[in-house]
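Below: data.csv (CSV, C-alpha atoms)
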chain,number,residue,atom,x,y,z
V,190,MET,CA,74.0,126.4,91.2
V,191,GLU,CA,76.9,125.6,88.9
V,192,ARG,CA,76.7,122.3,87.0
V,193,LEU,CA,78.7,119.5,88.8
V,194,THR,CA,80.6,117.2,86.6
V,195,LEU,CA,83.2,114.6,87.5
V,196,PRO,CA,84.7,112.2,85.0
V,197,ALA,CA,84.4,108.5,85.5
V,198,THR,CA,87.5,106.8,86.9
V,199,PRO,CA,88.2,103.1,87.2
V,200,PHE,CA,86.7,103.2,90.7
V,201,THR,CA,84.2,106.0,90.6
V,202,PRO,CA,81.2,106.9,88.4
V,203,LEU,CA,80.7,109.7,86.1
V,204,VAL,CA,78.9,112.4,87.9
V,205,ASP,CA,76.8,115.0,86.0
V,206,PHE,CA,74.4,117.2,88.0
V,207,ASP,CA,72.8,119.5,85.5
V,208,TYR,CA,70.8,121.8,87.7
V,209,ALA,CA,69.4,123.8,84.8
V,210,SER,CA,67.6,120.8,83.3
V,211,ARG,CA,67.1,119.0,86.7
V,212,ALA,CA,68.9,115.9,85.3
V,213,PHE,CA,71.3,114.2,87.6
V,214,ILE,CA,73.4,111.2,86.5
V,215,LEU,CA,75.7,108.8,88.3
V,216,GLN,CA,77.1,106.2,85.8
V,217,GLY,CA,79.9,103.6,85.9
V,218,GLU,CA,81.9,101.8,88.5
V,219,SER,CA,81.6,102.6,92.2
V,220,TYR,CA,84.2,101.0,94.4
V,221,PRO,CA,86.5,103.7,95.8
V,222,GLU,CA,88.5,102.8,98.9
V,223,ASN,CA,86.7,105.4,100.9
V,224,ALA,CA,83.2,105.9,99.5
V,225,ALA,CA,82.2,108.3,102.3
V,226,GLU,CA,85.0,110.6,101.1
V,227,PHE,CA,84.0,110.4,97.4
V,228,TYR,CA,80.2,110.8,98.0
V,229,GLY,CA,80.6,113.5,100.7
V,230,PRO,CA,80.7,116.4,98.2
V,231,ILE,CA,78.0,114.8,96.1
V,232,LEU,CA,75.7,114.6,99.1
V,233,SER,CA,76.5,118.2,100.0
V,234,ALA,CA,75.6,119.3,96.5
V,235,LEU,CA,72.4,117.4,96.6
V,236,ARG,CA,71.6,118.8,100.1
V,237,GLU,CA,72.2,122.3,98.8
V,238,TYR,CA,70.0,121.7,95.8
V,239,THR,CA,67.1,120.2,97.7
V,240,ASN,CA,67.3,122.9,100.4
V,241,GLY,CA,67.4,125.6,97.7
V,242,GLY,CA,63.6,126.0,97.5
V,243,GLU,CA,63.8,126.1,93.7
V,244,PRO,CA,60.6,126.4,91.7
V,245,SER,CA,58.7,123.2,91.1
V,246,GLY,CA,59.6,120.9,88.3
V,247,LYS,CA,60.5,117.3,88.0
V,248,THR,CA,64.1,116.3,88.9
V,249,THR,CA,65.3,113.1,87.3
V,250,VAL,CA,68.1,111.1,88.9
V,251,THR,CA,69.6,108.3,86.8
V,252,LEU,CA,71.7,105.7,88.5
V,253,GLN,CA,73.5,103.2,86.3
V,254,PHE,CA,76.3,101.2,87.9
V,255,ALA,CA,78.5,98.3,86.6
V,256,TYR,CA,79.5,97.5,90.1
V,257,VAL,CA,78.8,98.9,93.6
V,258,ASN,CA,81.0,97.9,96.5
V,259,SER,CA,79.6,97.7,100.0
V,260,SER,CA,80.7,101.1,101.3
V,261,SER,CA,79.3,102.8,98.1
V,262,THR,CA,76.1,101.0,98.8
V,263,ARG,CA,75.9,102.7,102.1
V,264,SER,CA,76.6,106.1,100.5
V,265,LEU,CA,73.9,105.5,97.9
V,266,GLN,CA,71.5,104.8,100.8
V,267,GLN,CA,72.3,108.2,102.3
V,268,LEU,CA,71.9,109.8,98.9
V,269,LEU,CA,68.5,108.3,98.3
V,270,THR,CA,67.3,108.9,101.9
V,271,LEU,CA,68.2,112.6,101.3
V,272,LEU,CA,66.1,112.6,98.0
V,273,ASP,CA,63.3,110.8,99.7
V,274,GLY,CA,63.2,113.5,102.5
V,275,ALA,CA,63.1,116.2,99.8
V,276,ALA,CA,60.2,114.4,98.1
V,277,ARG,CA,58.3,114.2,101.3
V,278,GLU,CA,58.7,117.9,101.6
V,279,GLY,CA,57.0,118.2,98.2
V,280,ALA,CA,59.8,118.0,95.6
V,281,ASN,CA,59.0,116.1,92.5
V,282,ILE,CA,61.9,113.5,92.1
V,283,GLU,CA,62.0,110.5,89.9
V,284,VAL,CA,64.8,107.9,90.3
V,285,ARG,CA,65.7,105.7,87.4
V,286,TRP,CA,67.8,102.6,88.4
V,287,LEU,CA,69.3,101.2,85.3
V,288,VAL,CA,70.5,97.6,85.3
V,289,GLU,CA,71.9,95.2,82.6
V,290,ILE,CA,69.2,92.7,81.7
V,291,ASP,CA,70.9,89.7,83.4
V,292,ASP,CA,72.3,91.6,86.4
V,293,ASP,CA,69.9,90.3,89.1
V,294,ALA,CA,72.2,91.3,91.9
V,295,MET,CA,72.1,95.0,90.8
V,296,ALA,CA,68.3,94.8,90.3
V,297,GLU,CA,68.0,93.4,93.9
V,298,LEU,CA,70.2,96.1,95.2
V,299,GLY,CA,67.9,98.7,93.6
V,300,VAL,CA,65.0,97.1,95.4
V,301,ASP,CA,66.9,97.1,98.7
V,302,LEU,CA,67.8,100.8,98.3
V,303,LEU,CA,64.6,102.1,96.9
V,304,GLY,CA,61.9,99.8,98.3
V,305,ASP,CA,61.5,101.9,101.5
V,306,LYS,CA,61.7,105.3,99.8
V,307,HIS,CA,57.9,105.8,99.7
V,308,ALA,CA,57.9,109.5,98.7
V,309,LEU,CA,60.2,108.9,95.7
V,310,SER,CA,58.9,107.9,92.3
V,311,TYR,CA,61.3,105.2,91.0
V,312,GLU,CA,61.7,102.7,88.3
V,313,ILE,CA,64.1,99.8,87.9
V,314,ILE,CA,64.8,99.6,84.2
V,315,ASN,CA,66.5,96.8,82.3
V,316,THR,CA,69.1,97.8,79.7
V,317,GLN,CA,70.9,95.7,77.1
I,711,MET,CA,105.8,79.3,79.8
I,712,SER,CA,104.9,76.0,78.3
I,713,SER,CA,101.5,74.5,78.9
I,714,ILE,CA,103.1,71.6,80.7
I,715,VAL,CA,104.7,73.8,83.2
I,716,ALA,CA,101.4,75.8,83.6
I,717,TYR,CA,99.6,72.6,84.2
I,718,ARG,CA,102.0,71.5,86.9
I,719,MET,CA,101.4,74.7,88.8
I,720,MET,CA,97.7,73.8,89.3
I,721,PRO,CA,97.0,72.6,92.8
I,722,GLU,CA,94.9,69.6,91.9
I,723,SER,CA,93.9,68.1,88.6
I,724,SER,CA,90.2,68.8,89.3
I,725,GLU,CA,91.0,72.5,90.1
I,726,ARG,CA,91.7,75.3,87.7
I,727,GLU,CA,93.7,78.2,89.0
I,728,ILE,CA,92.0,81.4,87.8
I,729,PHE,CA,93.9,84.2,89.5
I,730,SER,CA,96.2,84.9,92.3
I,731,TYR,CA,97.9,88.0,93.8
I,732,SER,CA,100.3,88.3,96.6
I,733,GLY,CA,101.9,91.6,97.8
I,734,ALA,CA,101.0,95.1,98.8
I,735,VAL,CA,97.3,95.9,98.6
I,736,SER,CA,96.2,99.5,97.9
I,737,ALA,CA,93.1,100.9,96.2
I,738,GLY,CA,95.1,101.2,93.0
I,739,ILE,CA,96.1,97.6,93.2
I,740,VAL,CA,92.5,96.5,94.0
I,741,GLY,CA,91.5,98.3,90.7
I,742,ALA,CA,94.3,96.8,88.6
I,743,THR,CA,93.9,93.3,89.9
I,744,GLY,CA,90.2,93.5,89.8
I,745,GLU,CA,90.3,94.4,86.1
I,746,SER,CA,92.7,91.6,85.5
I,747,LEU,CA,90.4,89.2,87.2
I,748,ARG,CA,87.4,90.4,85.2
I,749,ALA,CA,89.4,90.0,81.9
I,750,ARG,CA,90.4,86.5,83.0
I,751,LEU,CA,86.8,85.5,83.9
I,752,ALA,CA,85.6,86.9,80.5
I,753,ALA,CA,88.4,84.9,78.7
I,754,LEU,CA,87.2,81.7,80.5
I,755,ASP,CA,83.6,82.4,79.5
I,756,VAL,CA,82.4,82.4,83.1
I,757,GLU,CA,78.7,83.3,83.1
I,758,SER,CA,78.2,87.0,83.8
I,759,HIS,CA,76.1,86.5,87.0
I,760,ARG,CA,78.9,84.3,88.4
I,761,ALA,CA,81.6,86.6,87.3
I,762,ARG,CA,79.9,89.6,89.0
I,763,LYS,CA,79.7,87.7,92.3
I,764,ILE,CA,83.4,86.6,92.0
I,765,PHE,CA,84.5,90.1,91.3
I,766,SER,CA,82.3,91.5,94.1
I,767,SER,CA,83.7,89.1,96.7
I,768,PHE,CA,87.3,89.7,95.4
I,769,VAL,CA,86.9,93.5,95.9
I,770,GLU,CA,85.4,93.1,99.3
I,771,LEU,CA,88.2,90.7,100.4
I,772,ALA,CA,90.8,93.1,99.1
I,773,TYR,CA,89.3,96.1,100.9
I,774,ASN,CA,89.1,93.9,104.0
I,775,ILE,CA,92.8,93.5,103.8
I,776,ILE,CA,93.3,97.3,103.5
I,777,HIS,CA,90.9,98.2,106.3
I,778,HIS,CA,91.8,95.6,108.8
I,779,GLY,CA,95.3,94.5,107.9
I,780,GLU,CA,98.3,95.5,109.9
I,781,PRO,CA,100.8,97.8,108.2
I,782,GLU,CA,103.9,96.1,107.0
I,783,GLY,CA,107.4,97.6,106.9
I,784,ALA,CA,108.4,100.6,108.9
I,785,ARG,CA,110.5,102.4,106.4
I,786,ASP,CA,107.9,103.6,104.0
I,787,VAL,CA,106.1,106.9,104.8
I,788,LYS,CA,103.0,105.5,103.2
I,789,ILE,CA,101.4,102.7,105.1
I,790,VAL,CA,101.4,99.5,103.2
I,791,ARG,CA,99.1,96.5,103.8
I,792,CYS,CA,100.0,93.2,102.4
I,793,GLY,CA,98.1,90.1,101.7
I,794,SER,CA,97.2,87.5,99.1
I,795,ILE,CA,94.0,86.5,97.3
I,796,GLU,CA,93.6,83.4,95.2
I,797,VAL,CA,90.7,82.5,93.0
I,798,TRP,CA,90.2,79.0,91.6
I,799,GLN,CA,87.5,76.8,90.1
I,800,GLU,CA,86.5,73.3,91.1
I,801,GLU,CA,83.7,72.1,88.8
I,802,GLN,CA,81.0,74.8,88.9
I,803,ARG,CA,82.2,76.3,92.1
I,804,TYR,CA,84.5,79.3,92.4
I,805,HIS,CA,86.7,79.5,95.4
I,806,LEU,CA,88.3,82.7,96.8
I,807,ARG,CA,90.8,82.8,99.6
I,808,SER,CA,92.4,85.8,101.2
I,809,ARG,CA,95.3,85.9,103.6
I,810,SER,CA,96.5,88.9,105.6
I,811,LEU,CA,98.1,89.8,108.9
I,812,ILE,CA,95.9,91.5,111.5
I,813,SER,CA,96.8,92.8,115.0
I,814,ALA,CA,96.0,91.0,118.2
I,815,VAL,CA,93.7,93.9,119.1
I,816,ASN,CA,91.7,93.7,115.8
I,817,ALA,CA,91.5,89.9,115.9
I,818,PRO,CA,88.7,89.3,118.5
I,819,PRO,CA,86.1,91.6,116.9
I,820,ILE,CA,86.8,90.2,113.4
I,821,GLU,CA,86.7,86.6,114.8
I,822,GLN,CA,83.4,87.4,116.5
I,823,ARG,CA,81.9,88.9,113.4
I,824,LEU,CA,83.0,86.1,111.1
I,825,ALA,CA,81.8,83.4,113.6
I,826,ALA,CA,78.4,85.2,113.8
I,827,LEU,CA,78.2,85.4,110.1
I,828,ARG,CA,79.0,81.8,109.6
I,829,ALA,CA,76.0,80.8,111.8
I,830,LEU,CA,73.5,82.8,109.7
I,831,THR,CA,71.2,81.3,107.1
I,832,PRO,CA,71.0,83.0,103.6
I,833,GLU,CA,67.7,84.6,104.7
I,834,GLN,CA,69.2,86.0,107.8
I,835,ILE,CA,72.2,87.3,105.9
I,836,ARG,CA,69.9,89.1,103.5
I,837,PHE,CA,67.9,90.5,106.5
I,838,GLU,CA,71.1,91.6,108.3
I,839,PHE,CA,72.3,93.3,105.0
I,840,ARG,CA,69.2,95.2,104.6
I,841,LEU,CA,69.1,96.2,108.3
I,842,ARG,CA,72.7,97.6,108.2
I,843,LEU,CA,72.0,99.2,104.8
I,844,THR,CA,68.9,101.1,105.9
I,845,ASN,CA,69.7,101.8,109.6
I,846,LEU,CA,71.8,104.9,109.9
I,847,GLN,CA,73.1,104.1,113.3
I,848,TYR,CA,75.6,101.6,111.8
I,849,THR,CA,77.4,104.2,109.8
I,850,VAL,CA,79.9,105.5,112.3
I,851,ASP,CA,80.6,102.6,114.5
I,852,ALA,CA,81.1,99.7,112.1
I,853,SER,CA,83.5,101.0,109.6
I,854,PRO,CA,86.0,103.8,109.2
I,855,THR,CA,84.9,104.2,105.6
I,856,GLY,CA,81.2,104.3,106.1
I,857,GLY,CA,80.6,100.7,105.0
I,858,ALA,CA,78.7,99.8,108.2
I,859,GLY,CA,80.1,96.2,108.1
I,860,LEU,CA,78.5,95.5,104.8
I,861,GLY,CA,81.6,94.1,103.2
I,862,LEU,CA,81.6,90.7,105.0
I,863,LEU,CA,77.9,90.5,104.6
I,864,THR,CA,78.3,91.1,100.9
I,865,ILE,CA,80.8,88.2,100.7
I,866,ALA,CA,78.4,86.0,102.6
I,867,ARG,CA,75.5,87.1,100.4
I,868,ASN,CA,77.5,86.1,97.3
I,869,ALA,CA,78.5,82.7,98.8
I,870,VAL,CA,76.9,79.4,98.2
I,871,GLU,CA,78.1,78.1,101.6
I,872,PRO,CA,79.0,79.7,104.9
I,873,ILE,CA,82.3,81.7,104.9
I,874,ASP,CA,85.2,79.7,106.4
I,875,PHE,CA,87.9,81.5,108.2
I,876,GLU,CA,91.0,80.8,110.4
I,877,LEU,CA,93.1,83.0,112.7
I,878,VAL,CA,96.6,81.7,113.4
I,879,PRO,CA,99.2,83.4,115.5
I,880,VAL,CA,102.4,84.2,113.6
I,881,PRO,CA,105.2,84.0,116.2
I,882,SER,CA,107.7,85.9,114.1
I,883,HIS,CA,105.4,88.9,113.8
I,884,ASP,CA,105.0,90.3,117.3
I,885,GLY,CA,101.8,88.7,118.3
I,886,ARG,CA,100.1,89.4,115.0
I,887,LEU,CA,97.7,86.8,113.5
I,888,GLN,CA,97.2,85.5,110.0
I,889,LEU,CA,93.6,85.8,108.9
I,890,THR,CA,92.5,83.4,106.2
I,891,ILE,CA,89.0,83.8,104.7
I,892,HIS,CA,87.6,81.3,102.3
I,893,THR,CA,84.4,81.7,100.4
I,894,VAL,CA,82.7,79.8,97.6
I,895,VAL,CA,80.6,81.3,94.8
I,896,GLN,CA,78.4,79.3,92.4
Go through the file and emit its structure as structure tokens.
Amino acid sequence: MERLTLPATPFTPLVDFDYASRAFILQGESYPENAAEFYGPILSALREYTNGGEPSGKTTVTLQFAYVNSSSTRSLQQLLTLLDGAAREGANIEVRWLVEIDDDAMAELGVDLLGDKHALSYEIINTQ
Amino acid sequence: MSSIVAYRMMPESSEREIFSYSGAVSAGIVGATGESLRARLAALDVESHRARKIFSSFVELAYNIIHHGEPEGARDVKIVRCGSIEVWQEEQRYHLRSRSLISAVNAPPIEQRLAALRALTPEQIRFEFRLRLTNLQYTVDASPTGGAGLGLLTIARNAVEPIDFELVPVPSHDGRLQLTIHTVVQ
């Protein structure tokens, strides 16, 4: 698959899905008016990747948001559910949820989103 | 503007106006006004955890205007929603108030939702948020943008007291109602 990159905008995060190194990054703001529209192609790309039956190897997904609005939250739930499903099928996926050290709400959102994804390996990491 | 005039514009001596916007509301305007609000909160040295909650509630209120508001003006090809949002401080509490017009058809479900929300305890709000977040059945029915009704729950979650709201008929606007939502962040 061809690397998927989208630049950050005032409303949407930087997207960098480097399939070759199995490193996926979403970083920045996430409050588009229509999150379903923005995340639709991203979910499709992930679905294609996880259905691809690629050889084993750890996939690292790094999520670092300054702000996530409610409809983006829902899209992230769909994204992580998709990854959790792939992990249940045997994929080795690690999710890194990066939060600023005093951003309790973002840390709490990470727990809300990841707490029930039992097949995923995940870590909530404080950053400066 | 002199500081004397600026001072006179404040609603009450114990209150500090932080931000206000009135006019067309689009995604671009949400972004621009949101950034202005962030800059203003930073300039006032509002603690970061409070500033994040204020910003979050501001964005959700603004998108609520876009998603539930009635279009204004028939001449423009592009549909325009209008409304206002004010942010002010009273001691250590930050108030946000949005106003917008909604249709008579949209009013009952919004009223029902806000009334139900007002009756919930913080624990119930958190439970409801997680339920709607994790239960896929809410995706389609609750919001045209996939939000599953999480916007109002987010505002409630940020708030230190139950969300207050009011729906008032506007006789000059063909049966439309003015929706006012008031929330307090601490």
**Request:** Just the residues within 10 Å of Leu252 (chain V), please, counting only C-alpha atoms, with nothing from its chain fewer than 6 positions along; format it as JSON, numbers by chain.
**Result:** {"V": [202, 204, 213, 214, 215, 216, 217, 265, 284, 285, 286, 287, 288, 299, 313]}
**Asked** If you measure from CA of Phe254 (chain V) to CA of Ser219 (chain V), what distance in Å do you get, rounded to one decimal?
**Response** 7.0 Å
Using all atoms listed in the file, find which residues of chain V lie within 10 Å of chain I and jot them down as a PDB file with C-alpha atoms, in the frame of the given file.
ATOM      1  CA  PRO V 199      88.200 103.100  87.200  1.00  0.00           C
ATOM      2  CA  PHE V 200      86.700 103.200  90.700  1.00  0.00           C
ATOM      3  CA  TYR V 220      84.200 101.000  94.400  1.00  0.00           C
ATOM      4  CA  PRO V 221      86.500 103.700  95.800  1.00  0.00           C
ATOM      5  CA  GLU V 222      88.500 102.800  98.900  1.00  0.00           C
ATOM      6  CA  ASN V 223      86.700 105.400 100.900  1.00  0.00           C
ATOM      7  CA  ALA V 224      83.200 105.900  99.500  1.00  0.00           C
ATOM      8  CA  ALA V 225      82.200 108.300 102.300  1.00  0.00           C
ATOM      9  CA  GLU V 226      85.000 110.600 101.100  1.00  0.00           C
ATOM     10  CA  ALA V 255      78.500  98.300  86.600  1.00  0.00           C
ATOM     11  CA  TYR V 256      79.500  97.500  90.100  1.00  0.00           C
ATOM     12  CA  VAL V 257      78.800  98.900  93.600  1.00  0.00           C
ATOM     13  CA  ASN V 258      81.000  97.900  96.500  1.00  0.00           C
ATOM     14  CA  SER V 259      79.600  97.700 100.000  1.00  0.00           C
ATOM     15  CA  SER V 260      80.700 101.100 101.300  1.00  0.00           C
ATOM     16  CA  SER V 261      79.300 102.800  98.100  1.00  0.00           C
ATOM     17  CA  THR V 262      76.100 101.000  98.800  1.00  0.00           C
ATOM     18  CA  ARG V 263      75.900 102.700 102.100  1.00  0.00           C
ATOM     19  CA  SER V 264      76.600 106.100 100.500  1.00  0.00           C
ATOM     20  CA  LEU V 265      73.900 105.500  97.900  1.00  0.00           C
ATOM     21  CA  GLN V 266      71.500 104.800 100.800  1.00  0.00           C
ATOM     22  CA  GLN V 267      72.300 108.200 102.300  1.00  0.00           C
ATOM     23  CA  THR V 270      67.300 108.900 101.900  1.00  0.00           C
ATOM     24  CA  ASP V 291      70.900  89.700  83.400  1.00  0.00           C
ATOM     25  CA  ASP V 292      72.300  91.600  86.400  1.00  0.00           C
ATOM     26  CA  ASP V 293      69.900  90.300  89.100  1.00  0.00           C
ATOM     27  CA  ALA V 294      72.200  91.300  91.900  1.00  0.00           C
ATOM     28  CA  MET V 295      72.100  95.000  90.800  1.00  0.00           C
ATOM     29  CA  LEU V 298      70.200  96.100  95.200  1.00  0.00           C
ATOM     30  CA  ASP V 301      66.900  97.100  98.700  1.00  0.00           C
ATOM     31  CA  LEU V 302      67.800 100.800  98.300  1.00  0.00           C
ATOM     32  CA  ASP V 305      61.500 101.900 101.500  1.00  0.00           C
TER      33      ASP V 305
END
**Message:** Residues near Gly274 (chain V), anyone? I mean within 10 Å using only C-alpha atoms, not counting same-chain ones fewer than 4 positions away, as a ChimeraX atom specification.
**Reply:** /V:239,269-270,278-280,306-309
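With distances restricted to all atoms listed in the file, I:Arg803 is the closest residue to Ser724 (chain I) from I:Val815, I:Gln888, I:Val894, I:Arg803.
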